[in-house]
$ cat data12.txt   # compact mmCIF, C-alpha atoms
# COMPACT_ATOMS: atom_id res chain seq x y z
CA MET H 124 0.79 2.16 5.95
CA THR H 125 2.09 1.78 9.49
CA MET H 126 5.78 2.04 10.32
CA MET H 127 5.91 -1.75 10.59
CA ARG H 128 4.42 -2.14 7.12
CA ARG H 129 6.83 0.44 5.69
CA ALA H 130 9.74 -1.46 7.17
CA ALA H 131 8.43 -4.70 5.69
CA ALA H 132 7.99 -3.10 2.29
CA ALA H 133 11.53 -1.70 2.42
CA ALA H 134 12.96 -5.10 3.30
CA LEU H 135 11.11 -6.74 0.43
CA GLY H 136 12.23 -4.00 -1.92
CA THR H 137 15.87 -4.74 -1.08
CA ALA H 138 15.39 -8.32 -2.26
CA LEU H 139 13.43 -7.36 -5.36
CA ALA H 140 16.21 -7.40 -7.91
CA ALA H 141 17.21 -10.94 -7.01
CA ALA H 142 13.64 -12.14 -6.75
CA LEU H 143 12.62 -10.87 -10.15
CA ASN H 144 15.40 -12.79 -11.84
CA LEU H 145 13.72 -16.01 -10.77
CA THR H 146 10.47 -17.49 -11.99
CA ALA H 147 7.90 -18.81 -9.56
CA ALA H 148 6.43 -22.31 -9.46
CA HIS H 149 2.68 -21.94 -9.34
CA ALA H 150 0.11 -24.69 -8.94
CA VAL H 151 -2.85 -23.76 -11.13
CA THR H 152 -5.81 -25.28 -9.36
CA PRO H 153 -8.73 -22.95 -10.09
CA ALA H 154 -12.19 -23.81 -8.90
CA ASP H 155 -13.88 -22.11 -11.81
CA GLY H 156 -12.43 -23.99 -14.75
CA GLY H 157 -8.96 -22.51 -14.98
CA THR H 158 -9.40 -18.74 -15.19
CA ALA H 159 -7.49 -17.75 -12.05
CA VAL H 160 -4.07 -18.41 -10.55
CA LYS H 161 -4.01 -18.65 -6.77
CA ASN H 162 -0.71 -17.55 -5.28
CA ALA H 163 0.95 -19.19 -2.31
CA PRO H 164 1.66 -17.20 0.89
CA LEU H 165 4.64 -14.89 0.83
CA THR H 166 7.64 -17.14 0.25
CA ALA H 167 10.85 -17.12 -1.74
CA PRO H 168 10.14 -17.91 -5.41
CA VAL H 169 11.22 -21.27 -6.77
CA PRO H 170 13.14 -21.07 -10.07
CA VAL H 171 11.56 -22.91 -12.98
CA SER H 172 11.78 -22.57 -16.72
CA ALA H 173 9.75 -19.77 -18.27
CA PRO H 174 6.21 -20.79 -19.27
CA ALA H 175 5.31 -21.16 -22.89
CA PRO H 176 3.38 -18.28 -24.48
CA ALA H 177 -0.32 -18.30 -23.73
CA GLN H 178 -1.08 -19.37 -27.28
CA ALA H 179 0.99 -20.33 -30.27
CA PRO H 180 1.50 -17.49 -32.74
CA ALA H 181 -0.92 -17.77 -35.61
CA PRO H 182 0.46 -17.29 -39.10
CA ALA H 183 -0.04 -13.79 -40.40
CA PRO H 184 -2.93 -13.57 -42.85
CA GLY H 185 -2.25 -13.11 -46.51
CA LEU H 186 -1.84 -9.53 -47.61
CA ASP H 187 -5.01 -9.88 -49.69
CA GLU H 188 -7.14 -10.46 -46.57
CA GLY H 189 -8.83 -7.80 -44.47
CA TRP H 190 -11.13 -7.97 -41.46
CA GLN H 191 -14.80 -7.14 -40.86
CA GLY H 192 -17.00 -7.30 -37.77
CA ASP H 193 -19.81 -5.37 -36.04
CA GLY H 194 -20.04 -2.99 -38.97
CA LEU H 195 -16.32 -2.19 -38.76
CA SER H 196 -13.50 -3.14 -41.09
CA LEU H 197 -9.74 -3.12 -41.58
CA SER H 198 -7.99 -3.05 -44.92
CA PRO H 199 -5.58 -5.89 -45.78
CA ALA H 200 -2.58 -3.73 -44.84
CA GLU H 201 -4.21 -2.62 -41.56
CA ASN H 202 -5.19 -6.18 -40.69
CA ASN H 203 -1.63 -7.37 -41.31
CA ALA H 204 -0.27 -4.62 -39.05
CA VAL H 205 -2.57 -5.74 -36.23
CA GLU H 206 -1.43 -9.36 -36.67
CA GLU H 207 2.20 -8.24 -36.34
CA PHE H 208 1.26 -6.29 -33.21
CA LEU H 209 -0.34 -9.42 -31.75
CA SER H 210 2.82 -11.42 -32.45
CA LYS H 211 4.82 -8.86 -30.48
CA ALA H 212 2.33 -9.16 -27.60
CA ARG H 213 2.86 -12.93 -27.52
CA ARG H 214 6.64 -12.53 -27.41
CA THR H 215 6.31 -10.01 -24.60
CA GLU H 216 4.04 -12.35 -22.64
CA ALA H 217 6.75 -15.01 -22.51
CA VAL H 218 9.18 -12.45 -21.06
CA ILE H 219 7.06 -10.75 -18.41
CA SER H 220 4.62 -13.39 -17.13
CA PRO H 221 7.18 -15.21 -14.92
CA ARG H 222 8.23 -11.97 -13.24
CA LEU H 223 4.69 -10.74 -12.70
CA ARG H 224 3.83 -14.09 -11.11
CA ASN H 225 6.75 -13.51 -8.74
CA ILE H 226 5.47 -10.04 -7.87
CA ALA H 227 2.02 -11.47 -7.21
CA ARG H 228 3.55 -13.98 -4.78
CA LEU H 229 5.60 -11.30 -3.02
CA SER H 230 2.57 -9.05 -2.58
CA ASN H 231 0.17 -11.90 -1.66
CA ALA H 232 -2.02 -11.14 -4.65
CA GLU H 233 -4.22 -13.37 -6.76
CA LEU H 234 -3.65 -13.17 -10.51
CA ALA H 235 -7.26 -13.20 -11.64
CA GLY H 236 -8.19 -14.11 -15.21
CA PHE H 237 -4.62 -15.15 -15.99
CA ASP H 238 -5.74 -17.36 -18.89
CA GLN H 239 -7.17 -14.28 -20.63
CA ARG H 240 -4.00 -12.19 -20.42
CA LEU H 241 -3.76 -11.94 -24.22
CA LYS H 242 -6.49 -9.92 -25.91
CA SER H 243 -8.25 -11.95 -28.60
CA PRO H 244 -7.55 -11.03 -32.25
CA ASP H 245 -11.18 -10.06 -32.93
CA SER H 246 -11.38 -7.89 -29.83
CA LEU H 247 -8.16 -6.06 -30.68
CA LYS H 248 -9.16 -5.57 -34.31
CA ARG H 249 -12.55 -4.22 -33.23
CA LYS H 250 -10.83 -1.76 -30.91
CA VAL H 251 -8.36 -0.60 -33.57
CA ALA H 252 -11.08 -0.26 -36.20
CA THR H 253 -13.20 1.78 -33.78
CA SER H 254 -10.26 4.08 -33.11
CA LEU H 255 -9.79 4.65 -36.85
CA VAL H 256 -13.48 5.59 -37.18
CA ASP H 257 -13.44 7.84 -34.11
CA HIS H 258 -10.30 9.68 -35.26
CA PRO H 259 -10.51 10.49 -38.97
CA GLY H 260 -7.06 10.91 -40.46
CA GLN H 261 -5.44 8.57 -37.95
CA ASN H 262 -3.26 5.89 -39.55
CA ILE H 263 -2.84 2.31 -38.38
CA ASP H 264 0.48 2.96 -36.64
CA GLN H 265 -1.05 5.78 -34.62
CA ALA H 266 -4.03 3.61 -33.70
CA LEU H 267 -1.79 0.76 -32.51
CA ALA H 268 0.38 3.17 -30.52
CA GLY H 269 -2.69 3.95 -28.43
CA ILE H 270 -3.32 0.30 -27.50
CA GLY H 271 -2.16 -0.55 -24.00
CA ASP H 272 -4.15 -3.69 -23.19
CA SER H 273 -3.27 -6.25 -25.86
CA LEU H 274 -1.50 -7.96 -22.96
CA ARG H 275 -3.13 -7.43 -19.57
CA TYR H 276 -2.93 -8.76 -16.01
CA THR H 277 -5.18 -8.36 -12.96
CA PHE H 278 -3.81 -8.28 -9.41
CA GLN H 279 -6.53 -8.85 -6.83
CA TRP H 280 -6.74 -8.62 -3.04
CA PRO H 281 -9.61 -8.73 -0.53
CA THR H 282 -10.98 -5.29 0.33
CA ASP H 283 -9.23 -5.10 3.71
CA ARG H 284 -5.81 -5.88 2.17
CA TYR H 285 -6.19 -4.00 -1.10
CA THR H 286 -4.46 -0.69 -0.33
CA ASP H 287 -1.35 -2.26 1.19
CA GLY H 288 -1.24 -4.85 -1.59
CA VAL H 289 -1.39 -2.29 -4.41
CA THR H 290 1.28 -0.15 -2.74
CA LEU H 291 3.69 -3.07 -2.47
CA ALA H 292 3.03 -4.59 -5.90
CA ALA H 293 3.28 -1.24 -7.70
CA ARG H 294 6.64 -0.55 -6.05
CA PHE H 295 7.93 -3.90 -7.25
CA VAL H 296 6.75 -3.34 -10.83
CA SER H 297 8.21 0.17 -10.85
CA ALA H 298 11.58 -1.07 -9.55
CA TRP H 299 11.65 -3.59 -12.40
CA GLN H 300 10.13 -1.67 -15.32
CA GLY H 301 10.55 1.96 -14.33
CA PRO H 302 7.69 4.42 -13.78
CA ALA H 303 4.21 3.60 -15.00
CA VAL H 304 3.39 5.33 -18.29
CA ARG H 305 -0.27 5.50 -17.22
CA TRP H 306 -1.90 5.30 -13.79
CA LYS H 307 -5.68 5.79 -13.72
CA ASN H 308 -7.30 5.53 -10.28
CA THR H 309 -11.11 5.77 -10.38
CA TRP H 310 -11.88 4.67 -6.81
CA GLY H 311 -12.77 8.25 -5.96
CA SER H 312 -15.24 8.65 -8.83
CA LYS H 313 -18.88 8.99 -7.83
CA THR H 314 -20.05 7.00 -10.86
CA GLY H 315 -18.64 4.52 -13.34
CA TYR H 316 -15.73 2.10 -13.24
CA LYS H 317 -13.99 1.33 -9.95
CA GLY H 318 -10.39 0.17 -9.87
CA ILE H 319 -6.87 1.16 -10.89
CA ASN H 320 -5.69 0.62 -14.47
CA THR H 321 -2.01 1.07 -15.27
CA ASN H 322 0.28 0.73 -18.28
CA TRP H 323 3.98 -0.14 -18.32
CA ASP H 324 6.55 -0.51 -21.09
CA GLU H 325 8.57 -3.69 -21.54
CA SER H 326 11.72 -2.38 -23.23
CA SER H 327 13.18 -5.68 -24.44
CA THR H 328 10.45 -6.37 -27.02
CA PRO H 329 9.39 -3.43 -26.90
CA HIS H 330 5.69 -3.54 -26.05
CA ARG H 331 3.22 -1.87 -23.68
CA PHE H 332 1.13 -3.94 -21.27
CA GLU H 333 -1.59 -3.32 -18.71
CA ILE H 334 -1.94 -4.17 -15.02
CA GLN H 335 -5.29 -3.72 -13.31
CA PHE H 336 -5.53 -3.60 -9.51
CA HIS H 337 -8.87 -4.90 -8.21
CA THR H 338 -10.82 -6.33 -5.31
CA PRO H 339 -12.99 -9.39 -6.04
CA GLU H 340 -16.07 -7.14 -6.08
CA SER H 341 -14.63 -4.53 -8.41
CA ARG H 342 -13.34 -7.18 -10.80
CA ASP H 343 -16.73 -8.93 -10.83
CA ALA H 344 -18.32 -5.58 -11.72
CA ALA H 345 -15.77 -5.01 -14.51
CA VAL H 346 -16.42 -8.46 -15.97
CA SER H 347 -20.21 -8.15 -15.78
CA THR H 348 -20.21 -4.70 -17.45
CA HIS H 349 -17.74 -5.56 -20.20
CA ARG H 350 -20.43 -6.45 -22.72
CA LEU H 351 -22.25 -3.19 -21.94
CA TYR H 352 -19.04 -1.22 -22.37
CA GLU H 353 -18.26 -2.88 -25.70
CA GLU H 354 -21.73 -2.03 -27.01
CA GLN H 355 -21.51 1.54 -25.74
CA ARG H 356 -18.32 2.29 -27.66
CA LEU H 357 -19.48 0.94 -31.03
CA PRO H 358 -19.94 3.75 -33.59
CA SER H 359 -23.39 2.33 -34.39
CA THR H 360 -24.68 2.80 -30.80
CA SER H 361 -27.14 5.70 -30.56
CA PRO H 362 -26.61 8.45 -27.94
CA GLU H 363 -29.81 7.37 -26.19
CA ARG H 364 -28.66 3.75 -25.95
CA ALA H 365 -25.19 4.85 -24.81
CA ARG H 366 -26.74 6.80 -21.92
CA GLU H 367 -28.86 3.80 -20.96
CA LEU H 368 -25.80 1.55 -20.96
CA GLN H 369 -23.88 4.04 -18.83
CA TRP H 370 -26.71 4.11 -16.28
CA GLN H 371 -26.62 0.31 -16.06
CA MET H 372 -22.85 0.31 -15.52
CA ASP H 373 -23.10 3.04 -12.89
CA GLU H 374 -25.63 0.94 -10.97
CA ILE H 375 -23.33 -2.09 -10.94
CA PHE H 376 -20.17 -0.22 -9.96
CA GLY H 377 -22.06 1.83 -7.38
CA ALA H 378 -22.54 -1.33 -5.31
CA VAL H 379 -18.79 -2.04 -5.08
CA PRO H 380 -17.25 -1.42 -1.60
CA VAL H 381 -14.40 1.11 -1.71
CA PRO H 382 -11.30 -0.02 0.24
CA ALA H 383 -9.99 2.41 2.84
CA GLY H 384 -7.34 4.66 1.30
CA ALA H 385 -7.86 3.33 -2.24
CA ALA H 386 -8.87 6.70 -3.70
CA GLN H 387 -5.52 8.18 -2.63
CA LEU H 388 -3.32 5.50 -4.20
CA ALA H 389 -0.88 7.07 -6.67
CA ALA H 390 1.89 5.78 -8.90
CA PRO H 391 5.14 5.04 -7.04
$ encode --input "data12.txt" --output "structure tokens"
Amino acid sequence: MTMMRRAAAAALGTALAAALNLTAAHAVTPADGGTAVKNAPLTAPVPVSAPAPAQAPAPAPGLDEGWQGDGLSLSPAENNAVEEFLSKARRTEAVISPRLRNIARLSNAELAGFDQRLKSPDSLKRKVATSLVDHPGQNIDQALAGIGDSLRYTFQWPTDRYTDGVTLAARFVSAWQGPAVRWKNTWGSKTGYKGINTNWDESSTPHRFEIQFHTPESRDAAVSTHRLYEEQRLPSTSPERARELQWQMDEIFGAVPVPAGAAQLAAP
């Protein structure tokens, strides 16, 4: 960033602690049916009450119930553990969403796909069951410890503002939550996924959550390849089909413009 941008970032950082203790008033007026939150220009956040959780906690299933899907399964005890994990994700959502909305405003980001911030029960159970198959001897607690995206957010900027936006937003999140526990930047990869995926720990619940940093083009590619990715990672997918799916994903991500300086972005 230029000296002027560094000075601006430093000034915003000074006000971060106060800003994060407020929640922002957002008008949700998406053009695509309510899947995105547009953020106002950089302004002081307006305090409002914390939003309700994205969905009401569902009652835990009876201990005599398990789960099955796509040739995978969870025992009754495993299924119950995943339901408890989902309940913790919902509690964490109520704590962190207001502050992340503030950070989005401060960094002039769009929170894309905000309505899908909680992973669906079936999707999470499929992921956990796949992990148990892929790692024989792994128990349910170990499988759940490896889940970082039960609660996930996407910060998005146009290509020409992406690098500065990520730098500023990541500094804000780090000042609030501490260092990222995972920072995966694939903008420099010749093939495959393009974007930055990060994980952070919310200590009050405690629970791990994900923040993805995207451009509109890279997020569109991620959304359009999600079904291909899900099929590729199923244990029933043959090696030949997995290679075909990877080729299709590489073609889609290969068309995504790479923002200047994005490949060098590192955790603050």
$ atom_distance --input "data12.txt" --atom1 "atom CA of Gly377 of chain H" --atom2 "atom CA of Leu351 of chain H"
15.4 Å
$ atom_distance --input "data12.txt" --atom1 "atom CA of Leu267 of chain H" --atom2 "atom CA of Pro329 of chain H"
13.2 Å
$ closest_residue --input "data12.txt" --among "H:Pro358, H:Pro339, H:Pro302, H:Pro281" --to "Ala383 of chain H" --atoms "only C-alpha atoms"
H:Pro281
$ residues_around --input "data12.txt" --residues "Gly194 of chain H" --least-positions-apart "6" --cutoff "10 Å" --atoms "all atoms listed in the file" --output "ChimeraX atom specification"
/H:249,252-253,357-359
$ write_last_selection --input "data12.txt" --atoms "C-alpha atoms" --output "PDB file, in the coordinates of the input"
ATOM      1  CA  ARG H 249     -12.550  -4.220 -33.230  1.00  0.00           C
ATOM      2  CA  ALA H 252     -11.080  -0.260 -36.200  1.00  0.00           C
ATOM      3  CA  THR H 253     -13.200   1.780 -33.780  1.00  0.00           C
ATOM      4  CA  LEU H 357     -19.480   0.940 -31.030  1.00  0.00           C
ATOM      5  CA  PRO H 358     -19.940   3.750 -33.590  1.00  0.00           C
ATOM      6  CA  SER H 359     -23.390   2.330 -34.390  1.00  0.00           C
TER       7      SER H 359
END
$ closest_residue --input "data12.txt" --among "H:Asp287, H:Glu188, H:Glu216, H:Asp324" --to "Phe336 of chain H" --atoms "all atoms listed in the file"
H:Asp287
$ closest_residue --input "data12.txt" --among "H:Glu367, H:Glu354, H:Glu374, H:Asp264" --to "Phe208 of chain H" --atoms "all atoms listed in the file"
H:Asp264
$ atom_distance --input "data12.txt" --atom1 "atom CA of Gly192 of chain H" --atom2 "atom CA of Trp370 of chain H"
26.2 Å
$ residues_around --input "data12.txt" --residues "Arg342 of chain H" --least-positions-apart "4" --cutoff "9 Å" --atoms "all atoms listed in the file" --output "PyMOL selection string"
chain H and resi 235+277+279+317-318+336-338+346-347
$ closest_residue --input "data12.txt" --among "H:Leu291, H:Ala303, H:Val296, H:Ala344" --to "Ile375 of chain H" --atoms "only C-alpha atoms"
H:Ala344
$ closest_residue --input "data12.txt" --among "H:Lys242, H:Arg228, H:Arg350, H:His258" --to "Gly271 of chain H" --atoms "all atoms listed in the file"
H:Lys242
$ residues_around --input "data12.txt" --residues "Ala212 of chain H" --least-positions-apart "3" --cutoff "7 Å" --atoms "only C-alpha atoms" --output "PDB file with C-alpha atoms, in the frame of the given file"
ATOM      1  CA  PHE H 208       1.260  -6.290 -33.210  1.00  0.00           C
ATOM      2  CA  LEU H 209      -0.340  -9.420 -31.750  1.00  0.00           C
ATOM      3  CA  THR H 215       6.310 -10.010 -24.600  1.00  0.00           C
ATOM      4  CA  GLU H 216       4.040 -12.350 -22.640  1.00  0.00           C
ATOM      5  CA  SER H 273      -3.270  -6.250 -25.860  1.00  0.00           C
ATOM      6  CA  LEU H 274      -1.500  -7.960 -22.960  1.00  0.00           C
ATOM      7  CA  HIS H 330       5.690  -3.540 -26.050  1.00  0.00           C
TER       8      HIS H 330
END
